[in-house]
>>> print(open('my_file00.pdb').read())   # PDB, C-alpha atoms, pLDDT in the B column
ATOM      1  CA  MET A  14     -13.513   4.174 -17.362  1.00 89.00           C
ATOM      2  CA  PRO A  15     -13.121   1.242 -14.960  1.00 95.00           C
ATOM      3  CA  GLU A  16     -16.162  -0.789 -13.988  1.00 94.00           C
ATOM      4  CA  ILE A  17     -17.709   0.191 -10.641  1.00 95.00           C
ATOM      5  CA  ARG A  18     -17.780  -2.874  -8.379  1.00 95.00           C
ATOM      6  CA  CYS A  19     -18.229  -1.235  -4.979  1.00 94.00           C
ATOM      7  CA  ALA A  20     -21.061  -0.018  -2.796  1.00 94.00           C
ATOM      8  CA  ARG A  21     -21.659   3.698  -3.252  1.00 95.00           C
ATOM      9  CA  SER A  22     -24.252   6.345  -2.566  1.00 95.00           C
ATOM     10  CA  ALA A  23     -23.760   8.050  -5.946  1.00 96.00           C
ATOM     11  CA  VAL A  24     -21.697   8.273  -9.099  1.00 97.00           C
ATOM     12  CA  VAL A  25     -20.680  11.874  -9.740  1.00 98.00           C
ATOM     13  CA  LYS A  26     -18.674  13.920 -12.190  1.00 98.00           C
ATOM     14  CA  THR A  27     -14.998  13.645 -11.310  1.00 98.00           C
ATOM     15  CA  ASP A  28     -14.472  17.396 -11.568  1.00 97.00           C
ATOM     16  CA  SER A  29     -17.368  18.106  -9.212  1.00 98.00           C
ATOM     17  CA  LEU A  30     -15.438  16.844  -6.181  1.00 98.00           C
ATOM     18  CA  ASN A  31     -13.404  19.018  -3.833  1.00 97.00           C
ATOM     19  CA  PRO A  32     -10.183  17.614  -2.396  1.00 96.00           C
ATOM     20  CA  ASN A  33      -9.496  18.441   1.208  1.00 96.00           C
ATOM     21  CA  PRO A  34      -6.819  21.172   1.097  1.00 95.00           C
ATOM     22  CA  ARG A  35      -5.468  19.863   4.408  1.00 94.00           C
ATOM     23  CA  ASN A  36      -4.930  16.295   3.242  1.00 94.00           C
ATOM     24  CA  TYR A  37      -1.277  15.744   4.010  1.00 92.00           C
ATOM     25  CA  ASN A  38      -0.766  12.594   1.907  1.00 92.00           C
ATOM     26  CA  LYS A  39       0.775  13.435  -1.442  1.00 92.00           C
ATOM     27  CA  HIS A  40       0.397  11.214  -4.487  1.00 94.00           C
ATOM     28  CA  PRO A  41       3.289  11.228  -6.979  1.00 93.00           C
ATOM     29  CA  ALA A  42       2.686  10.537 -10.659  1.00 93.00           C
ATOM     30  CA  LYS A  43       4.297   7.075 -10.377  1.00 91.00           C
ATOM     31  CA  GLN A  44       1.769   6.060  -7.722  1.00 92.00           C
ATOM     32  CA  LEU A  45      -1.153   7.395  -9.767  1.00 94.00           C
ATOM     33  CA  ALA A  46       0.019   5.463 -12.854  1.00 94.00           C
ATOM     34  CA  VAL A  47       0.038   2.203 -10.868  1.00 93.00           C
ATOM     35  CA  TYR A  48      -3.292   3.129  -9.263  1.00 94.00           C
ATOM     36  CA  ALA A  49      -4.794   3.619 -12.732  1.00 96.00           C
ATOM     37  CA  LYS A  50      -3.484   0.240 -13.861  1.00 95.00           C
ATOM     38  CA  ILE A  51      -5.044  -1.428 -10.813  1.00 95.00           C
ATOM     39  CA  LEU A  52      -8.397   0.328 -11.298  1.00 96.00           C
ATOM     40  CA  ARG A  53      -8.478  -0.636 -14.985  1.00 96.00           C
ATOM     41  CA  ALA A  54      -7.786  -4.280 -14.110  1.00 95.00           C
ATOM     42  CA  GLN A  55      -9.884  -4.600 -10.947  1.00 95.00           C
ATOM     43  CA  GLY A  56     -12.482  -1.853 -11.302  1.00 96.00           C
ATOM     44  CA  TRP A  57     -13.538   0.449  -8.493  1.00 97.00           C
ATOM     45  CA  ARG A  58     -13.554  -1.657  -5.299  1.00 96.00           C
ATOM     46  CA  LYS A  59     -13.863   1.271  -2.885  1.00 96.00           C
ATOM     47  CA  ALA A  60     -15.829   4.485  -3.238  1.00 97.00           C
ATOM     48  CA  ILE A  61     -14.358   7.900  -2.498  1.00 98.00           C
ATOM     49  CA  THR A  62     -15.673   9.167   0.845  1.00 97.00           C
ATOM     50  CA  VAL A  63     -17.138  12.675   0.698  1.00 98.00           C
ATOM     51  CA  SER A  64     -18.318  14.626   3.739  1.00 97.00           C
ATOM     52  CA  ARG A  65     -21.849  16.000   3.583  1.00 97.00           C
ATOM     53  CA  GLN A  66     -20.727  18.569   6.156  1.00 95.00           C
ATOM     54  CA  SER A  67     -17.764  20.150   4.358  1.00 97.00           C
ATOM     55  CA  GLY A  68     -18.200  18.816   0.836  1.00 97.00           C
ATOM     56  CA  PHE A  69     -14.556  17.728   0.832  1.00 97.00           C
ATOM     57  CA  ILE A  70     -13.077  14.358  -0.069  1.00 98.00           C
ATOM     58  CA  VAL A  71     -12.249  12.682   3.237  1.00 97.00           C
ATOM     59  CA  THR A  72     -10.768   9.409   1.916  1.00 97.00           C
ATOM     60  CA  GLY A  73      -9.831   8.447  -1.607  1.00 96.00           C
ATOM     61  CA  HIS A  74      -7.757  11.443  -2.682  1.00 97.00           C
ATOM     62  CA  GLY A  75      -5.400   9.164  -4.643  1.00 96.00           C
ATOM     63  CA  ALA A  76      -8.288   7.507  -6.448  1.00 97.00           C
ATOM     64  CA  TRP A  77      -9.775  10.893  -7.323  1.00 98.00           C
ATOM     65  CA  LEU A  78      -6.428  12.229  -8.568  1.00 97.00           C
ATOM     66  CA  THR A  79      -6.025   9.078 -10.659  1.00 97.00           C
ATOM     67  CA  ALA A  80      -9.464   9.561 -12.221  1.00 98.00           C
ATOM     68  CA  ARG A  81      -8.624  13.178 -13.059  1.00 97.00           C
ATOM     69  CA  ALA A  82      -5.241  12.253 -14.528  1.00 96.00           C
ATOM     70  CA  GLU A  83      -6.835   9.524 -16.663  1.00 97.00           C
ATOM     71  CA  GLY A  84      -9.709  11.749 -17.799  1.00 97.00           C
ATOM     72  CA  TRP A  85     -12.371   9.459 -16.342  1.00 97.00           C
ATOM     73  CA  PRO A  86     -15.575  11.495 -16.287  1.00 97.00           C
ATOM     74  CA  GLU A  87     -17.210   9.890 -13.245  1.00 97.00           C
ATOM     75  CA  VAL A  88     -16.276   8.322  -9.921  1.00 98.00           C
ATOM     76  CA  PRO A  89     -18.220   6.424  -7.238  1.00 98.00           C
ATOM     77  CA  ILE A  90     -18.645   8.247  -3.947  1.00 98.00           C
ATOM     78  CA  ASP A  91     -19.961   7.418  -0.513  1.00 97.00           C
ATOM     79  CA  GLU A  92     -21.437  10.522   1.119  1.00 98.00           C
ATOM     80  CA  GLN A  93     -21.109  10.426   4.883  1.00 97.00           C
ATOM     81  CA  ASP A  94     -22.154  12.487   7.854  1.00 97.00           C
ATOM     82  CA  PHE A  95     -19.563  13.422  10.448  1.00 96.00           C
ATOM     83  CA  ALA A  96     -20.628  14.632  13.889  1.00 96.00           C
ATOM     84  CA  THR A  97     -18.167  17.528  13.896  1.00 96.00           C
ATOM     85  CA  PRO A  98     -15.416  19.002  11.729  1.00 95.00           C
ATOM     86  CA  ALA A  99     -12.949  17.420  14.181  1.00 96.00           C
ATOM     87  CA  ASP A 100     -14.438  13.964  13.545  1.00 96.00           C
ATOM     88  CA  GLU A 101     -14.037  14.501   9.809  1.00 96.00           C
ATOM     89  CA  LYS A 102     -10.376  15.526  10.178  1.00 95.00           C
ATOM     90  CA  ALA A 103      -9.683  12.626  12.536  1.00 95.00           C
ATOM     91  CA  HIS A 104     -11.173  10.168  10.024  1.00 95.00           C
ATOM     92  CA  MET A 105      -8.994  11.545   7.207  1.00 95.00           C
ATOM     93  CA  ILE A 106      -5.868  11.313   9.366  1.00 94.00           C
ATOM     94  CA  ALA A 107      -6.764   7.783  10.516  1.00 94.00           C
ATOM     95  CA  ASP A 108      -7.362   6.635   6.931  1.00 93.00           C
ATOM     96  CA  ASN A 109      -3.926   7.957   5.964  1.00 90.00           C
ATOM     97  CA  GLY A 110      -2.102   6.755   9.059  1.00 89.00           C
ATOM     98  CA  LEU A 111      -3.567   3.430  10.146  1.00 90.00           C
ATOM     99  CA  PRO A 112      -2.125   1.361   7.271  1.00 85.00           C
ATOM    100  CA  GLN A 113       1.348   2.623   8.172  1.00 84.00           C
ATOM    101  CA  MET A 114       0.938   1.179  11.669  1.00 86.00           C
ATOM    102  CA  SER A 115       0.362  -2.369  10.440  1.00 87.00           C
ATOM    103  CA  GLU A 116       2.984  -5.051  10.769  1.00 88.00           C
ATOM    104  CA  GLU A 117       3.652  -7.444   7.944  1.00 84.00           C
ATOM    105  CA  ASP A 118       4.071 -11.167   8.173  1.00 88.00           C
ATOM    106  CA  LYS A 119       6.992 -11.138   5.752  1.00 85.00           C
ATOM    107  CA  ASP A 120       6.990 -14.911   5.278  1.00 85.00           C
ATOM    108  CA  LEU A 121       3.306 -14.869   4.307  1.00 89.00           C
ATOM    109  CA  LEU A 122       3.833 -11.899   1.993  1.00 86.00           C
ATOM    110  CA  ASP A 123       6.770 -13.639   0.324  1.00 83.00           C
ATOM    111  CA  ALA A 124       4.654 -16.771  -0.181  1.00 85.00           C
ATOM    112  CA  LEU A 125       1.837 -14.735  -1.732  1.00 89.00           C
ATOM    113  CA  VAL A 126       4.252 -12.928  -4.041  1.00 85.00           C
ATOM    114  CA  LEU A 127       5.786 -16.222  -5.150  1.00 85.00           C
ATOM    115  CA  GLU A 128       2.292 -17.601  -5.879  1.00 88.00           C
ATOM    116  CA  LEU A 129       1.442 -14.529  -7.943  1.00 87.00           C
ATOM    117  CA  ASN A 130       4.728 -14.847  -9.844  1.00 82.00           C
ATOM    118  CA  GLU A 131       3.840 -18.466 -10.669  1.00 85.00           C
ATOM    119  CA  GLU A 132       0.387 -17.331 -11.794  1.00 87.00           C
ATOM    120  CA  LYS A 133       2.086 -14.789 -14.086  1.00 85.00           C
ATOM    121  CA  ILE A 134       0.125 -11.812 -12.719  1.00 87.00           C
ATOM    122  CA  ASP A 135       1.406  -8.324 -13.415  1.00 86.00           C
ATOM    123  CA  MET A 136       3.056  -7.452 -10.097  1.00 85.00           C
ATOM    124  CA  ASP A 137       2.095  -3.778 -10.512  1.00 85.00           C
ATOM    125  CA  LEU A 138      -1.440  -4.911  -9.651  1.00 89.00           C
ATOM    126  CA  THR A 139      -0.290  -5.580  -6.087  1.00 88.00           C
ATOM    127  CA  GLY A 140       0.790  -1.994  -5.538  1.00 84.00           C
ATOM    128  CA  LEU A 141       3.933  -3.256  -3.831  1.00 79.00           C
ATOM    129  CA  LEU A 142       6.318  -1.873  -6.397  1.00 61.00           C
ATOM    130  CA  THR A 143       5.246   1.711  -5.698  1.00 45.00           C
ATOM    131  CA  ALA A 144       7.121   1.643  -2.380  1.00 45.00           C
ATOM    132  CA  LYS A 145      10.265   3.697  -1.977  1.00 43.00           C
ATOM    133  CA  PRO A 146      13.351   1.527  -2.546  1.00 41.00           C
ATOM    134  CA  LYS A 147      14.287   1.382   1.129  1.00 41.00           C
ATOM    135  CA  GLU A 148      10.702   0.436   1.986  1.00 45.00           C
ATOM    136  CA  ALA A 149      10.148  -1.994  -0.880  1.00 44.00           C
ATOM    137  CA  LYS A 150       7.998  -4.830   0.349  1.00 49.00           C
ATOM    138  CA  ILE A 151       8.959  -7.526  -2.110  1.00 53.00           C
ATOM    139  CA  LYS A 152      12.022  -9.392  -1.028  1.00 55.00           C
ATOM    140  CA  ILE A 153      13.628 -12.567  -2.162  1.00 57.00           C
ATOM    141  CA  CYS A 154      15.273 -14.415   0.684  1.00 61.00           C
ATOM    142  CA  MET A 155      18.418 -16.315  -0.127  1.00 65.00           C
ATOM    143  CA  GLU A 156      19.883 -18.569   2.536  1.00 73.00           C
ATOM    144  CA  ILE A 157      23.323 -19.959   3.052  1.00 78.00           C
ATOM    145  CA  ILE A 158      24.335 -22.436   5.702  1.00 81.00           C
ATOM    146  CA  VAL A 159      27.753 -21.930   7.229  1.00 85.00           C
ATOM    147  CA  GLU A 160      29.044 -24.911   9.163  1.00 86.00           C
ATOM    148  CA  CYS A 161      31.272 -23.939  12.052  1.00 88.00           C
ATOM    149  CA  LYS A 162      33.467 -26.272  14.028  1.00 89.00           C
ATOM    150  CA  THR A 163      32.905 -24.591  17.393  1.00 89.00           C
ATOM    151  CA  GLU A 164      30.325 -22.495  19.145  1.00 87.00           C
ATOM    152  CA  SER A 165      32.794 -19.601  19.451  1.00 89.00           C
ATOM    153  CA  GLU A 166      33.477 -19.711  15.698  1.00 90.00           C
ATOM    154  CA  GLN A 167      29.717 -19.668  15.083  1.00 88.00           C
ATOM    155  CA  LYS A 168      29.363 -16.643  17.348  1.00 88.00           C
ATOM    156  CA  GLU A 169      32.217 -14.838  15.560  1.00 90.00           C
ATOM    157  CA  VAL A 170      30.758 -15.493  12.076  1.00 90.00           C
ATOM    158  CA  TYR A 171      27.283 -14.504  13.272  1.00 88.00           C
ATOM    159  CA  GLN A 172      28.534 -11.204  14.717  1.00 90.00           C
ATOM    160  CA  ARG A 173      30.549 -10.382  11.592  1.00 91.00           C
ATOM    161  CA  LEU A 174      27.667 -11.091   9.216  1.00 88.00           C
ATOM    162  CA  THR A 175      25.170  -9.234  11.396  1.00 88.00           C
ATOM    163  CA  LYS A 176      27.510  -6.230  11.540  1.00 91.00           C
ATOM    164  CA  GLU A 177      27.671  -6.303   7.707  1.00 90.00           C
ATOM    165  CA  GLY A 178      23.886  -6.000   7.619  1.00 86.00           C
ATOM    166  CA  HIS A 179      22.921  -9.607   6.971  1.00 85.00           C
ATOM    167  CA  LYS A 180      19.914 -11.081   8.746  1.00 83.00           C
ATOM    168  CA  CYS A 181      21.193 -14.180  10.502  1.00 84.00           C
ATOM    169  CA  ARG A 182      19.800 -17.004  12.643  1.00 80.00           C
ATOM    170  CA  LEU A 183      21.757 -19.271  14.883  1.00 78.00           C
ATOM    171  CA  SER A 184      20.954 -22.967  14.812  1.00 75.00           C
ATOM    172  CA  THR A 185      22.525 -26.233  15.673  1.00 70.00           C
ATOM    173  CA  PHE A 186      21.942 -29.634  14.111  1.00 65.00           C
TER
END
>>> encode(input="my_file00.pdb", output="structure tokens")
Amino acid sequence: MPEIRCARSAVVKTDSLNPNPRNYNKHPAKQLAVYAKILRAQGWRKAITVSRQSGFIVTGHGAWLTARAEGWPEVPIDEQDFATPADEKAHMIADNGLPQMSEEDKDLLDALVLELNEEKIDMDLTGLLTAKPKEAKIKICMEIIVECKTESEQKEVYQRLTKEGHKCRLSTF
């Protein structure tokens, strides 16, 4: 079982927890395998949030499913009070949805990924490789400079490459 390195109100038997049947985020086996790898390497850095009101898991369903799949007997939890059932549902939805609203600084992410590659870290530990192929967050940017003789030629090449799906920038030097 991974080391517990997070604040928590209790450590409980994994099978004693009740997932929220209305949690709409699903966790495929591939995600849980990567999650397990991260927890083994990093330990528990965030407790599973459990509502004192309903007794359901509010946040941390993926972590709980990972613990069950791995046969880990105990998990850290943070028991919390919610003012109403609506507040509890809103918190679960916000926990699932807020990360999807973030915007990435792709240049900074690329720099971090390159640093981690140089440090020879297992890239699974970033969680980036669990993304769907069209949403994959790791990208390698290759650049080519095309010298054009005229501004109209530059415009034509730019439009053609953009239409083909290439990300292009216009510059003059």
>>> atom_distance(input="my_file00.pdb", atom1="atom CA of Ser22 of chain A", atom2="atom CA of Asp91 of chain A")
4.9 Å
>>> resolve_selection(input="my_file00.pdb", expression="the PyMOL selection byres ((chain A and resi 78) around 10)", output="PyMOL selection string")
chain A and resi 27+32+40-42+45+48-49+73-77+79-84
>>> closest_residue(input="my_file00.pdb", among="A:Val25, A:Ile70, A:Ile106, A:Ala99", to="Pro86 of chain A", atoms="only C-alpha atoms")
A:Val25
>>> atom_distance(input="my_file00.pdb", atom1="atom CA of Thr175 of chain A", atom2="atom CA of Lys162 of chain A")
19.1 Å
>>> resolve_selection(input="my_file00.pdb", expression="the PyMOL selection byres ((chain A and resi 47) around 9)", output="NGL selection string")
:A and (42-46 or 48-52 or 137-138 or 140 or 142-143)
>>> atom_distance(input="my_file00.pdb", atom1="atom CA of Thr185 of chain A", atom2="atom CA of Gln172 of chain A")
16.2 Å
>>> resolve_selection(input="my_file00.pdb", expression="the PyMOL selection byres ((chain A and resi 110-118) around 12)", output="list in words")
Asn36, Tyr37, Asn38, Thr72, Ala103, His104, Met105, Ile106, Ala107, Asp108, Asn109, Lys119, Asp120, Leu121, Leu122, Asp123, Ala124, Leu125, Glu148, Lys150 and Ile151 of chain A
>>> closest_residue(input="my_file00.pdb", among="A:Arg35, A:Arg21, A:Arg173, A:Arg182", to="Lys102 of chain A", atoms="only C-alpha atoms")
A:Arg35
>>> residues_near_point(input="my_file00.pdb", point="(-16.8, 5.7, -9.1)", cutoff="9 Å", atoms="all atoms listed in the file", output="PyMOL selection string")
chain A and resi 15-19+21+23-27+56-61+77+80+87-90
>>> build_atoms(input="my_file00.pdb", residues="segment 80-91 of chain A", atoms="all heavy atoms", output="CSV table (one decimal), keeping the file's coordinate frame")
chain,number,residue,atom,x,y,z
A,80,ALA,N,-8.4,9.4,-11.3
A,80,ALA,CA,-9.5,9.6,-12.2
A,80,ALA,C,-9.3,10.9,-13.0
A,80,ALA,O,-9.5,10.9,-14.2
A,80,ALA,CB,-10.8,9.6,-11.5
A,81,ARG,N,-8.9,11.9,-12.4
A,81,ARG,CA,-8.6,13.2,-13.1
A,81,ARG,C,-7.5,13.0,-14.1
A,81,ARG,O,-7.6,13.5,-15.2
A,81,ARG,CB,-8.3,14.3,-12.1
A,81,ARG,CG,-9.5,14.8,-11.3
A,81,ARG,CD,-9.2,16.0,-10.5
A,81,ARG,NE,-8.6,17.1,-11.3
A,81,ARG,CZ,-7.8,18.0,-10.8
A,81,ARG,NH1,-7.5,18.1,-9.6
A,81,ARG,NH2,-7.4,19.0,-11.6
A,82,ALA,N,-6.4,12.4,-13.6
A,82,ALA,CA,-5.2,12.3,-14.5
A,82,ALA,C,-5.6,11.4,-15.8
A,82,ALA,O,-5.1,11.6,-16.8
A,82,ALA,CB,-4.1,11.6,-13.8
A,83,GLU,N,-6.5,10.4,-15.6
A,83,GLU,CA,-6.8,9.5,-16.7
A,83,GLU,C,-8.0,10.1,-17.5
A,83,GLU,O,-8.3,9.5,-18.5
A,83,GLU,CB,-7.2,8.2,-16.1
A,83,GLU,CG,-6.1,7.4,-15.4
A,83,GLU,CD,-5.0,7.1,-16.4
A,83,GLU,OE1,-5.3,6.6,-17.5
A,83,GLU,OE2,-3.8,7.4,-16.1
A,84,GLY,N,-8.6,11.2,-17.1
A,84,GLY,CA,-9.7,11.7,-17.8
A,84,GLY,C,-11.0,11.0,-17.6
A,84,GLY,O,-11.9,11.1,-18.5
A,85,TRP,N,-11.1,10.2,-16.6
A,85,TRP,CA,-12.4,9.5,-16.3
A,85,TRP,C,-13.4,10.4,-15.9
A,85,TRP,O,-13.3,11.2,-14.9
A,85,TRP,CB,-12.2,8.4,-15.3
A,85,TRP,CG,-11.2,7.3,-15.8
A,85,TRP,CD1,-10.9,7.0,-17.1
A,85,TRP,CD2,-10.3,6.5,-14.9
A,85,TRP,NE1,-9.9,6.0,-17.1
A,85,TRP,CE2,-9.6,5.7,-15.8
A,85,TRP,CE3,-10.2,6.4,-13.6
A,85,TRP,CZ2,-8.6,4.8,-15.3
A,85,TRP,CZ3,-9.3,5.5,-13.1
A,85,TRP,CH2,-8.5,4.7,-14.0
A,86,PRO,N,-14.6,10.5,-16.6
A,86,PRO,CA,-15.6,11.5,-16.3
A,86,PRO,C,-16.3,11.3,-15.0
A,86,PRO,O,-16.8,12.3,-14.4
A,86,PRO,CB,-16.5,11.4,-17.5
A,86,PRO,CG,-16.4,10.0,-17.9
A,86,PRO,CD,-15.0,9.6,-17.7
A,87,GLU,N,-16.4,10.1,-14.4
A,87,GLU,CA,-17.2,9.9,-13.2
A,87,GLU,C,-16.5,9.0,-12.3
A,87,GLU,O,-15.7,8.1,-12.7
A,87,GLU,CB,-18.6,9.3,-13.6
A,87,GLU,CG,-19.4,10.1,-14.5
A,87,GLU,CD,-20.7,9.4,-14.9
A,87,GLU,OE1,-20.7,8.2,-15.1
A,87,GLU,OE2,-21.7,10.1,-14.9
A,88,VAL,N,-16.8,9.1,-11.0
A,88,VAL,CA,-16.3,8.3,-9.9
A,88,VAL,C,-17.4,8.0,-8.9
A,88,VAL,O,-18.3,8.7,-8.8
A,88,VAL,CB,-15.1,9.0,-9.2
A,88,VAL,CG1,-13.9,9.3,-10.1
A,88,VAL,CG2,-15.6,10.4,-8.6
A,89,PRO,N,-17.3,6.8,-8.3
A,89,PRO,CA,-18.2,6.4,-7.2
A,89,PRO,C,-17.9,7.1,-5.9
A,89,PRO,O,-16.7,7.2,-5.6
A,89,PRO,CB,-18.0,4.9,-7.1
A,89,PRO,CG,-16.6,4.7,-7.5
A,89,PRO,CD,-16.3,5.7,-8.5
A,90,ILE,N,-18.9,7.6,-5.2
A,90,ILE,CA,-18.6,8.2,-3.9
A,90,ILE,C,-19.6,7.6,-2.9
A,90,ILE,O,-20.6,7.1,-3.2
A,90,ILE,CB,-18.8,9.8,-4.0
A,90,ILE,CG1,-20.3,10.2,-4.3
A,90,ILE,CG2,-17.9,10.4,-5.0
A,90,ILE,CD1,-20.6,11.6,-3.9
A,91,ASP,N,-19.2,7.8,-1.7
A,91,ASP,CA,-20.0,7.4,-0.5
A,91,ASP,C,-20.1,8.7,0.3
A,91,ASP,O,-19.1,9.1,0.9
A,91,ASP,CB,-19.3,6.3,0.3
A,91,ASP,CG,-20.1,5.9,1.5
A,91,ASP,OD1,-21.3,6.1,1.5
A,91,ASP,OD2,-19.5,5.2,2.4
